[in-house]
file protein38.cif (mmCIF, C-alpha atoms)
data_entry
loop_
_atom_site.label_atom_id
_atom_site.label_comp_id
_atom_site.auth_asym_id
_atom_site.auth_seq_id
_atom_site.Cartn_x
_atom_site.Cartn_y
_atom_site.Cartn_z
CA MET A 1 0.00 0.00 0.00
CA THR A 2 1.18 3.50 -0.84
CA LEU A 3 0.74 6.40 1.57
CA TYR A 4 -0.83 9.64 0.35
CA VAL A 5 -1.59 12.83 2.25
CA VAL A 6 -4.71 14.91 1.60
CA THR A 7 -5.24 18.33 3.16
CA GLY A 8 -8.85 19.43 3.45
CA ALA A 9 -12.08 17.42 3.39
CA GLY A 10 -14.23 19.52 1.11
CA PRO A 11 -15.79 17.82 -1.91
CA VAL A 12 -12.44 17.40 -3.68
CA GLY A 13 -10.31 16.27 -0.74
CA TRP A 14 -13.01 13.91 0.53
CA THR A 15 -13.46 12.31 -2.90
CA ILE A 16 -9.71 11.89 -3.43
CA ALA A 17 -9.42 10.18 -0.03
CA GLU A 18 -12.30 7.85 -0.90
CA GLN A 19 -10.91 6.92 -4.32
CA LEU A 20 -7.41 6.26 -2.96
CA ALA A 21 -8.74 4.12 -0.09
CA GLU A 22 -11.04 2.17 -2.38
CA ARG A 23 -8.15 1.24 -4.65
CA GLY A 24 -6.15 -0.05 -1.65
CA ASP A 25 -3.89 2.85 -0.73
CA THR A 26 -3.39 4.42 2.69
CA VAL A 27 -4.56 8.00 3.20
CA ARG A 28 -3.60 10.48 5.86
CA LEU A 29 -6.31 13.16 5.82
CA LEU A 30 -5.48 16.45 7.55
CA THR A 31 -8.27 18.78 8.67
CA ARG A 32 -8.83 21.08 11.62
CA SER A 33 -12.13 19.35 12.37
CA GLY A 34 -11.10 15.71 11.97
CA SER A 35 -13.77 15.18 9.31
CA GLY A 36 -13.58 12.89 6.30
CA PRO A 37 -14.78 9.53 5.00
CA ASP A 38 -15.02 6.61 7.40
CA HIS A 39 -12.73 3.96 5.93
CA PRO A 40 -10.15 1.69 7.58
CA SER A 41 -7.50 2.98 5.15
CA VAL A 42 -8.17 6.65 5.93
CA GLU A 43 -6.40 8.09 8.96
CA LYS A 44 -8.19 11.31 9.91
CA LEU A 45 -5.90 13.71 11.76
CA ARG A 46 -6.82 16.98 13.42
CA ALA A 47 -4.03 19.17 12.10
CA ASP A 48 -3.49 22.61 10.63
CA ALA A 49 -1.90 22.30 7.19
CA SER A 50 -0.26 25.71 7.71
CA ASP A 51 1.67 24.39 10.74
CA PRO A 52 5.18 23.47 9.47
CA GLY A 53 5.85 20.97 12.25
CA ALA A 54 2.56 19.14 11.92
CA LEU A 55 2.80 19.02 8.15
CA ALA A 56 6.39 17.80 8.02
CA SER A 57 5.51 14.94 10.34
CA ALA A 58 2.36 14.05 8.44
CA ILE A 59 3.89 13.86 4.96
CA ALA A 60 6.90 11.78 5.91
CA GLY A 61 6.98 8.82 3.53
CA ALA A 62 4.06 10.06 1.40
CA ALA A 63 4.14 9.51 -2.36
CA ALA A 64 2.15 12.71 -2.97
CA VAL A 65 0.33 15.49 -1.19
CA PHE A 66 -3.07 16.57 -2.48
CA HIS A 67 -3.53 20.11 -1.20
CA CYS A 68 -7.27 20.80 -1.24
CA ILE A 69 -7.93 23.47 1.36
CA HIS A 70 -9.88 26.61 0.53
CA GLY A 71 -10.35 30.01 2.13
CA SER A 72 -12.57 30.51 5.14
CA ALA A 73 -14.72 32.91 3.11
CA TYR A 74 -15.40 33.47 -0.58
CA THR A 75 -13.60 36.81 -0.70
CA ALA A 76 -10.34 38.02 -2.18
CA GLY A 77 -9.32 39.35 1.23
CA SER A 78 -9.70 35.99 2.95
CA TRP A 79 -7.91 34.20 0.15
CA ARG A 80 -5.04 36.69 0.20
CA ARG A 81 -4.62 36.42 3.97
CA GLU A 82 -4.89 32.65 4.23
CA LEU A 83 -3.96 30.75 1.09
CA PRO A 84 -0.44 31.96 0.12
CA ALA A 85 0.98 31.35 3.59
CA ALA A 86 -0.56 27.88 3.84
CA GLU A 87 0.66 26.91 0.38
CA ALA A 88 4.18 28.13 1.19
CA VAL A 89 4.30 25.74 4.14
CA VAL A 90 3.06 22.82 2.02
CA LEU A 91 5.49 23.54 -0.81
CA ASP A 92 8.45 23.82 1.56
CA ALA A 93 7.57 20.61 3.40
CA ALA A 94 7.03 18.72 0.15
CA HIS A 95 10.34 19.93 -1.25
CA ARG A 96 12.16 18.80 1.86
CA ALA A 97 10.39 15.43 1.73
CA GLY A 98 10.96 15.03 -2.03
CA THR A 99 7.29 14.51 -2.78
CA VAL A 100 4.97 16.04 -5.36
CA VAL A 101 2.14 18.43 -4.51
CA VAL A 102 -1.05 18.15 -6.56
CA PHE A 103 -3.43 21.10 -6.50
CA PRO A 104 -7.02 21.43 -7.71
CA GLU A 105 -7.29 24.73 -9.54
CA SER A 106 -9.98 26.92 -11.07
CA LEU A 107 -10.25 28.83 -14.34
CA TYR A 108 -10.18 32.20 -12.57
CA SER A 109 -6.64 33.09 -13.62
CA TYR A 110 -7.19 32.66 -17.36
CA SER A 111 -6.52 35.95 -19.14
CA HIS A 112 -8.99 35.37 -21.98
CA PRO A 113 -12.04 33.50 -20.65
CA ASP A 114 -14.08 34.70 -23.63
CA THR A 115 -12.24 32.17 -25.80
CA VAL A 116 -12.07 28.38 -25.40
CA MET A 117 -9.58 27.80 -22.58
CA THR A 118 -6.91 25.18 -23.18
CA GLU A 119 -3.95 23.92 -21.19
CA ASP A 120 -1.54 26.33 -22.88
CA GLY A 121 -3.71 29.43 -22.36
CA GLU A 122 -2.32 32.54 -20.72
CA ARG A 123 -3.00 32.79 -16.98
CA ALA A 124 -2.32 36.36 -15.94
CA ALA A 125 -5.70 37.71 -14.80
CA THR A 126 -5.58 40.58 -12.32
CA GLY A 127 -7.82 42.01 -9.64
CA GLY A 128 -9.90 40.46 -6.89
CA LYS A 129 -10.14 36.69 -6.60
CA ARG A 130 -8.79 36.25 -10.14
CA GLY A 131 -5.60 38.07 -9.18
CA VAL A 132 -5.17 35.97 -6.04
CA ARG A 133 -5.30 32.79 -8.12
CA THR A 134 -2.72 34.21 -10.55
CA ALA A 135 -0.41 35.01 -7.64
CA LEU A 136 -0.78 31.49 -6.26
CA LEU A 137 0.18 30.03 -9.64
CA ALA A 138 3.29 32.22 -9.73
CA ALA A 139 4.34 31.13 -6.24
CA ARG A 140 3.96 27.47 -7.12
CA ALA A 141 5.98 27.93 -10.30
CA ALA A 142 8.73 29.69 -8.36
CA SER A 143 8.93 26.99 -5.68
CA PRO A 144 11.57 24.28 -5.96
CA ALA A 145 8.91 21.73 -5.08
CA CYS A 146 7.47 19.52 -7.79
CA THR A 147 3.90 20.60 -8.47
CA VAL A 148 0.97 19.51 -10.63
CA LEU A 149 -2.15 21.62 -11.12
CA VAL A 150 -5.37 20.02 -12.31
CA ILE A 151 -7.75 22.74 -13.46
CA ALA A 152 -11.52 22.32 -13.34
CA SER A 153 -14.55 24.42 -14.18
CA ASP A 154 -17.61 24.82 -11.95
CA PHE A 155 -18.28 21.70 -9.92
CA TYR A 156 -21.20 19.34 -9.83
CA GLY A 157 -21.44 16.00 -8.08
CA PRO A 158 -21.75 14.51 -4.60
CA ARG A 159 -20.75 16.91 -1.79
CA ALA A 160 -20.47 19.91 -4.14
CA ARG A 161 -22.84 21.97 -2.04
CA MET A 162 -21.54 25.49 -2.60
CA ALA A 163 -21.79 25.40 -6.37
CA HIS A 164 -23.92 26.90 -9.11
CA ALA A 165 -24.96 23.33 -10.02
CA GLY A 166 -25.24 22.44 -6.34
CA GLU A 167 -27.21 24.20 -3.63
CA ARG A 168 -28.28 26.95 -6.04
CA MET A 169 -30.04 24.40 -8.22
CA ILE A 170 -30.72 20.87 -6.99
CA PRO A 171 -32.73 21.41 -3.78
CA ALA A 172 -35.07 23.70 -5.72
CA ILE A 173 -35.49 21.10 -8.47
CA LEU A 174 -36.33 18.41 -5.93
CA ALA A 175 -38.82 20.73 -4.22
CA GLY A 176 -40.38 21.90 -7.48
CA LYS A 177 -39.46 25.53 -6.82
CA ALA A 178 -38.34 28.19 -9.29
CA ILE A 179 -34.56 28.52 -9.66
CA GLN A 180 -32.70 31.81 -9.64
CA LEU A 181 -29.43 31.54 -11.55
CA VAL A 182 -26.50 33.85 -12.22
CA GLY A 183 -26.29 35.11 -15.80
CA ASP A 184 -27.85 33.62 -18.93
CA PRO A 185 -29.31 30.13 -18.24
CA GLY A 186 -28.75 29.18 -21.89
CA ALA A 187 -25.12 30.32 -22.29
CA PRO A 188 -22.63 27.47 -22.97
CA HIS A 189 -20.76 26.66 -19.78
CA SER A 190 -18.33 23.93 -18.76
CA PHE A 191 -19.13 21.87 -15.66
CA THR A 192 -16.65 19.41 -14.10
CA TYR A 193 -17.83 16.33 -12.20
CA VAL A 194 -15.97 16.22 -8.88
CA PRO A 195 -15.10 12.47 -9.06
CA ASP A 196 -13.52 13.12 -12.48
CA LEU A 197 -11.34 15.87 -11.00
CA ALA A 198 -10.31 13.57 -8.14
CA ALA A 199 -9.44 10.74 -10.54
CA ALA A 200 -7.39 13.12 -12.69
CA MET A 201 -5.45 14.41 -9.68
CA ILE A 202 -4.66 10.88 -8.52
CA THR A 203 -3.50 9.85 -11.98
CA ALA A 204 -1.49 13.06 -12.39
CA ALA A 205 0.39 12.33 -9.15
CA GLY A 206 1.84 9.24 -10.79
CA LEU A 207 3.11 10.93 -13.96
CA PRO A 208 6.85 11.40 -14.48
CA ARG A 209 8.05 14.44 -12.57
CA ALA A 210 7.89 17.69 -14.53
CA ALA A 211 8.27 21.29 -13.43
CA ASP A 212 4.97 23.06 -12.79
CA ARG A 213 2.75 20.75 -14.84
CA MET A 214 -0.74 22.09 -15.64
CA LEU A 215 -3.59 19.86 -16.78
CA HIS A 216 -7.33 20.12 -17.29
CA ALA A 217 -9.67 17.75 -15.50
CA PRO A 218 -11.77 15.61 -17.87
CA THR A 219 -14.82 17.74 -18.58
CA LEU A 220 -17.78 17.20 -20.90
CA PRO A 221 -18.34 19.55 -23.85
CA ALA A 222 -19.92 22.77 -22.64
CA LEU A 223 -23.58 22.53 -21.68
CA SER A 224 -25.52 25.34 -20.01
CA GLN A 225 -27.14 25.89 -16.67
CA ARG A 226 -30.48 25.05 -18.27
CA ALA A 227 -29.13 21.77 -19.63
CA MET A 228 -27.75 20.87 -16.20
CA ALA A 229 -31.09 21.58 -14.55
CA GLU A 230 -32.84 19.44 -17.15
CA ALA A 231 -30.40 16.57 -16.54
CA PHE A 232 -30.94 16.74 -12.77
CA ALA A 233 -34.72 16.87 -13.18
CA LEU A 234 -34.64 13.88 -15.53
CA ALA A 235 -32.51 11.93 -13.04
CA ALA A 236 -34.92 12.84 -10.24
CA GLY A 237 -38.02 12.02 -12.28
CA VAL A 238 -39.50 15.49 -11.82
CA VAL A 239 -40.51 18.39 -14.03
CA VAL A 240 -37.93 21.12 -14.63
CA PRO A 241 -39.03 24.15 -12.58
CA PRO A 242 -38.96 27.67 -14.04
CA LEU A 243 -35.47 29.14 -14.45
CA ARG A 244 -34.65 32.81 -14.07
CA GLY A 245 -31.25 34.29 -14.79
CA ILE A 246 -29.99 37.41 -13.02
CA PRO A 247 -27.79 39.39 -15.44
CA GLY A 248 -24.31 40.39 -14.36
CA TRP A 249 -25.01 44.12 -14.62
CA LEU A 250 -27.80 43.77 -12.06
CA LEU A 251 -25.62 41.74 -9.70
CA ARG A 252 -22.87 44.35 -9.97
CA ALA A 253 -25.38 47.08 -9.13
CA LEU A 254 -26.66 45.15 -6.13
CA GLY A 255 -23.07 44.45 -5.10
CA THR A 256 -22.46 48.11 -4.44
CA VAL A 257 -24.64 47.79 -1.33
CA LEU A 258 -24.56 44.02 -0.62
CA PRO A 259 -21.06 42.61 -0.01
CA SER A 260 -22.20 38.98 -0.41
CA VAL A 261 -23.62 39.76 -3.85
CA ARG A 262 -20.47 41.69 -4.77
CA GLU A 263 -18.38 38.53 -4.48
CA ILE A 264 -20.66 36.68 -6.91
CA ALA A 265 -20.95 39.65 -9.27
CA GLU A 266 -17.17 39.78 -9.64
CA LEU A 267 -17.27 36.52 -11.58
CA ALA A 268 -20.63 36.94 -13.31
CA TYR A 269 -18.74 37.16 -16.62
CA GLN A 270 -18.49 33.37 -16.43
CA PHE A 271 -22.27 33.05 -16.84
CA ASP A 272 -23.30 36.05 -18.93
CA ARG A 273 -21.65 34.58 -22.03
CA PRO A 274 -19.93 31.35 -23.14
CA PHE A 275 -17.40 30.05 -20.61
CA VAL A 276 -15.77 26.98 -22.10
CA MET A 277 -12.74 24.83 -21.32
CA ASP A 278 -11.25 22.09 -23.49
CA SER A 279 -9.73 19.11 -21.65
CA SER A 280 -9.01 16.87 -24.65
CA ALA A 281 -5.22 17.14 -24.46
CA SER A 282 -5.13 16.25 -20.76
CA GLU A 283 -7.59 13.41 -21.27
CA ARG A 284 -5.21 11.84 -23.79
CA LEU A 285 -2.24 12.23 -21.44
CA LEU A 286 -4.08 10.85 -18.42
CA GLY A 287 -6.00 8.14 -20.26
CA LEU A 288 -9.25 9.34 -18.71
CA ALA A 289 -12.61 10.53 -20.02
CA PRO A 290 -15.39 12.56 -18.37
CA THR A 291 -18.28 10.71 -16.78
CA PRO A 292 -21.41 10.72 -18.99
CA LEU A 293 -23.87 13.41 -17.89
CA GLU A 294 -26.67 10.93 -17.23
CA GLN A 295 -24.51 8.97 -14.80
CA GLY A 296 -23.09 12.03 -13.09
CA ALA A 297 -26.52 13.64 -12.73
CA ALA A 298 -27.99 10.45 -11.26
CA GLU A 299 -25.21 10.13 -8.67
CA THR A 300 -25.51 13.80 -7.80
CA VAL A 301 -29.28 13.64 -7.29
CA ARG A 302 -28.96 10.46 -5.23
CA TRP A 303 -26.45 12.13 -2.91
CA TRP A 304 -28.54 15.28 -2.54
CA ARG A 305 -31.67 13.29 -1.71
CA GLU A 306 -29.83 11.39 1.00
CA ASP A 307 -28.25 14.57 2.35
CA LEU A 308 -31.54 16.47 2.43
CA ALA A 309 -33.24 13.51 4.13
CA VAL A 310 -30.61 13.46 6.86
CA ALA A 311 -30.94 17.21 7.33
CA GLY A 312 -34.72 16.91 7.48
CA SER A 313 -34.65 14.16 10.10
CA ALA A 314 -32.25 16.19 12.26
CA ALA A 315 -34.42 19.31 12.12
#

call {"tool": "encode", "arguments": {"input": "protein38.cif", "output": "structure tokens"}}
result
Amino acid sequence: MTLYVVTGAGPVGWTIAEQLAERGDTVRLLTRSGSGPDHPSVEKLRADASDPGALASAIAGAAAVFHCIHGSAYTAGSWRRELPAAEAVVLDAAHRAGTVVVFPESLYSYSHPDTVMTEDGERAATGGKRGVRTALLAARAASPACTVLVIASDFYGPRARMAHAGERMIPAILAGKAIQLVGDPGAPHSFTYVPDLAAAMITAAGLPRAADRMLHAPTLPALSQRAMAEAFALAAGVVVPPLRGIPGWLLRALGTVLPSVREIAELAYQFDRPFVMDSSASERLLGLAPTPLEQGAAETVRWWREDLAVAGSAA
């Protein structure tokens, strides 16, 4: 059995830990809360990934570190305060241990999101959360540690609660309520299934070492928010509820007085017009393909129904 370390038990970290354990590997999962999947091959440790001593001890003997923590709030300020320092600790510890660090990454840093985004696209976006992601990429590239970035678009899938194709959409579909979406519901948009991202990160960890490798997670051809809602409704056996899109200009106006809306409005460009990534080159390199939409939608709806039932029984 091979030892792997995962930091963070959000949807990505949790799924990576599950997939590694299910294939017979040993996982050391680091979180402040001690959360994570219950599996005999998953050792859940209460540890702060930004603590150099704790991290150095945890990654000793690990074949790879999957660094999957996120900021405490969805704001550029929180990201800027928290993420660079934590990543610096991980990169230094991994370099000293001679292990690779695999990061999940977003499309925020792409300079030209109005064109189809490919693995060789420019990533030099500035300002707000986009600029923070660009700075993180630069720090990783400058580190002597071996790194791999696996880039995904908006998530859907089990445990992807805080997502446009998650809590903004599926509970309303299951309840037969109208859905309020960001941007144009019919605009082409890429969605990445979380288990596909996890599988890509695990496979990428085993590739020959290369400096600052960047890949795209296997992702279906661009759909739209409407198409995703229709797929979820079909999987649930219900009628698609009415969809209403809030244009970016309105969100930006509301954001001048509502800070929570301001954070969403900053990235409304991703939904007002086509927002498309191409993962074909990475799929060939990794030998992976995206999960068919019907299968992914069915698994997502199943998980949400179980989660909502648990929440309802606890209320």

call {"tool": "closest_atom_pairs", "arguments": {"input": "protein38.cif", "of": "region 182-217 of chain A", "to": "region 108-119 of chain A", "cutoff": "12 Å", "atoms": "all atoms listed in the file", "output": "CSV"}}
result
residue,atom,partner,partner_atom,distance
A:Ala187,CA,A:Asp114,CA,12.0
A:Pro188,CA,A:Val116,CA,10.9
A:His189,CA,A:Val116,CA,10.5
A:Ser190,CA,A:Val116,CA,10.2
A:Arg213,CA,A:Glu119,CA,9.8
A:Met214,CA,A:Glu119,CA,6.7
A:Leu215,CA,A:Glu119,CA,6.0
A:His216,CA,A:Glu119,CA,6.4
A:Ala217,CA,A:Glu119,CA,10.2

call {"tool": "closest_residue", "arguments": {"input": "protein38.cif", "among": "A:Pro242, A:Ala58, A:Lys129, A:Ala141", "to": "Leu83 (chain A)", "atoms": "all atoms listed in the file"}}
result
A:Lys129

call {"tool": "axis_aligned_box", "arguments": {"input": "protein38.cif", "around": "region 272-290 of chain A", "padding_each_side": "5 Å", "output": "lines of an AutoDock Vina configuration file"}}
result
center_x = -12.8
center_y = 22.1
center_z = -21.5
size_x = 31.1
size_y = 37.9
size_z = 16.3

call {"tool": "resolve_selection", "arguments": {"input": "protein38.cif", "expression": "the PyMOL selection byres ((chain A and resi 224) around 7)", "output": "list in words"}}
result
Pro185, Gly186, Ala187, Pro188, His189, Ala222, Leu223, Gln225, Arg226, Ala227 and Met228 of chain A

call {"tool": "resolve_selection", "arguments": {"input": "protein38.cif", "expression": "the PyMOL selection byres ((chain A and resi 199-207) around 10)", "output": "VMD selection string"}}
result
chain A and resid 4 12 15 to 17 19 to 20 63 to 66 99 to 104 147 to 151 194 to 198 208 to 210 213 to 218 282 to 283 285 to 290

call {"tool": "resolve_selection", "arguments": {"input": "protein38.cif", "expression": "the PyMOL selection byres ((chain A and resi 300) around 8)", "output": "PyMOL selection string"}}
result
chain A and resi 156-158+232+296-299+301-304

call {"tool": "decode", "arguments": {"input": "protein38.cif", "residues": "region 82-107 of chain A", "atoms": "N, CA, C and O atoms", "output": "tab-separated table (two decimals), in the first residue's frame"}}
result
chain	number	residue	atom	x	y	z
A	82	GLU	N	-5.01	34.03	3.77
A	82	GLU	CA	-4.89	32.65	4.23
A	82	GLU	C	-4.13	31.71	3.28
A	82	GLU	O	-3.32	30.89	3.73
A	83	LEU	N	-4.43	31.79	2.00
A	83	LEU	CA	-3.96	30.75	1.09
A	83	LEU	C	-2.46	30.80	0.77
A	83	LEU	O	-1.80	29.75	0.78
A	84	PRO	N	-1.87	31.97	0.45
A	84	PRO	CA	-0.44	31.96	0.12
A	84	PRO	C	0.44	31.41	1.23
A	84	PRO	O	1.37	30.64	0.98
A	85	ALA	N	0.16	31.81	2.47
A	85	ALA	CA	0.98	31.35	3.59
A	85	ALA	C	0.86	29.84	3.78
A	85	ALA	O	1.87	29.14	4.00
A	86	ALA	N	-0.36	29.32	3.68
A	86	ALA	CA	-0.56	27.88	3.84
A	86	ALA	C	0.14	27.10	2.73
A	86	ALA	O	0.76	26.07	2.97
A	87	GLU	N	0.02	27.61	1.50
A	87	GLU	CA	0.66	26.91	0.38
A	87	GLU	C	2.18	26.95	0.50
A	87	GLU	O	2.86	25.98	0.14
A	88	ALA	N	2.73	28.04	1.02
A	88	ALA	CA	4.18	28.13	1.19
A	88	ALA	C	4.68	27.04	2.14
A	88	ALA	O	5.74	26.43	1.90
A	89	VAL	N	3.92	26.79	3.19
A	89	VAL	CA	4.30	25.74	4.14
A	89	VAL	C	4.26	24.37	3.46
A	89	VAL	O	5.17	23.55	3.61
A	90	VAL	N	3.20	24.11	2.70
A	90	VAL	CA	3.06	22.82	2.02
A	90	VAL	C	4.17	22.62	1.00
A	90	VAL	O	4.78	21.55	0.92
A	91	LEU	N	4.45	23.65	0.22
A	91	LEU	CA	5.49	23.54	-0.81
A	91	LEU	C	6.86	23.30	-0.18
A	91	LEU	O	7.64	22.48	-0.68
A	92	ASP	N	7.15	24.01	0.90
A	92	ASP	CA	8.45	23.82	1.56
A	92	ASP	C	8.57	22.42	2.14
A	92	ASP	O	9.60	21.75	1.97
A	93	ALA	N	7.53	21.95	2.81
A	93	ALA	CA	7.57	20.61	3.40
A	93	ALA	C	7.69	19.54	2.33
A	93	ALA	O	8.43	18.56	2.48
A	94	ALA	N	6.97	19.71	1.23
A	94	ALA	CA	7.03	18.72	0.15
A	94	ALA	C	8.40	18.70	-0.50
A	94	ALA	O	8.92	17.64	-0.85
A	95	HIS	N	8.99	19.87	-0.67
A	95	HIS	CA	10.34	19.93	-1.25
A	95	HIS	C	11.34	19.21	-0.37
A	95	HIS	O	12.18	18.43	-0.85
A	96	ARG	N	11.24	19.46	0.93
A	96	ARG	CA	12.16	18.80	1.86
A	96	ARG	C	11.95	17.29	1.87
A	96	ARG	O	12.91	16.52	2.02
A	97	ALA	N	10.70	16.86	1.70
A	97	ALA	CA	10.39	15.43	1.73
A	97	ALA	C	10.59	14.77	0.36
A	97	ALA	O	10.53	13.54	0.25
A	98	GLY	N	10.78	15.58	-0.68
A	98	GLY	CA	10.96	15.03	-2.03
A	98	GLY	C	9.70	14.45	-2.62
A	98	GLY	O	9.76	13.51	-3.42
A	99	THR	N	8.55	15.01	-2.26
A	99	THR	CA	7.29	14.51	-2.78
A	99	THR	C	6.60	15.57	-3.63
A	99	THR	O	6.90	16.76	-3.54
A	100	VAL	N	5.69	15.15	-4.46
A	100	VAL	CA	4.97	16.04	-5.36
A	100	VAL	C	3.72	16.59	-4.68
A	100	VAL	O	3.11	15.90	-3.87
A	101	VAL	N	3.37	17.83	-5.00
A	101	VAL	CA	2.14	18.43	-4.51
A	101	VAL	C	1.18	18.57	-5.68
A	101	VAL	O	1.53	19.15	-6.72
A	102	VAL	N	-0.03	18.06	-5.51
A	102	VAL	CA	-1.05	18.15	-6.56
A	102	VAL	C	-2.15	19.08	-6.06
A	102	VAL	O	-2.71	18.88	-4.98
A	103	PHE	N	-2.43	20.10	-6.86
A	103	PHE	CA	-3.43	21.10	-6.50
A	103	PHE	C	-4.65	21.00	-7.41
A	103	PHE	O	-4.50	20.88	-8.63
A	104	PRO	N	-5.86	21.14	-6.85
A	104	PRO	CA	-7.02	21.43	-7.71
A	104	PRO	C	-6.99	22.92	-7.99
A	104	PRO	O	-6.63	23.72	-7.12
A	105	GLU	N	-7.34	23.30	-9.19
A	105	GLU	CA	-7.29	24.73	-9.54
A	105	GLU	C	-8.51	25.11	-10.37
A	105	GLU	O	-9.13	24.26	-11.00
A	106	SER	N	-8.83	26.40	-10.35
A	106	SER	CA	-9.98	26.92	-11.07
A	106	SER	C	-9.53	27.59	-12.37
A	106	SER	O	-8.34	27.67	-12.68
A	107	LEU	N	-10.52	28.11	-13.11
A	107	LEU	CA	-10.25	28.83	-14.34
A	107	LEU	C	-10.14	30.34	-14.11
A	107	LEU	O	-10.01	31.10	-15.07
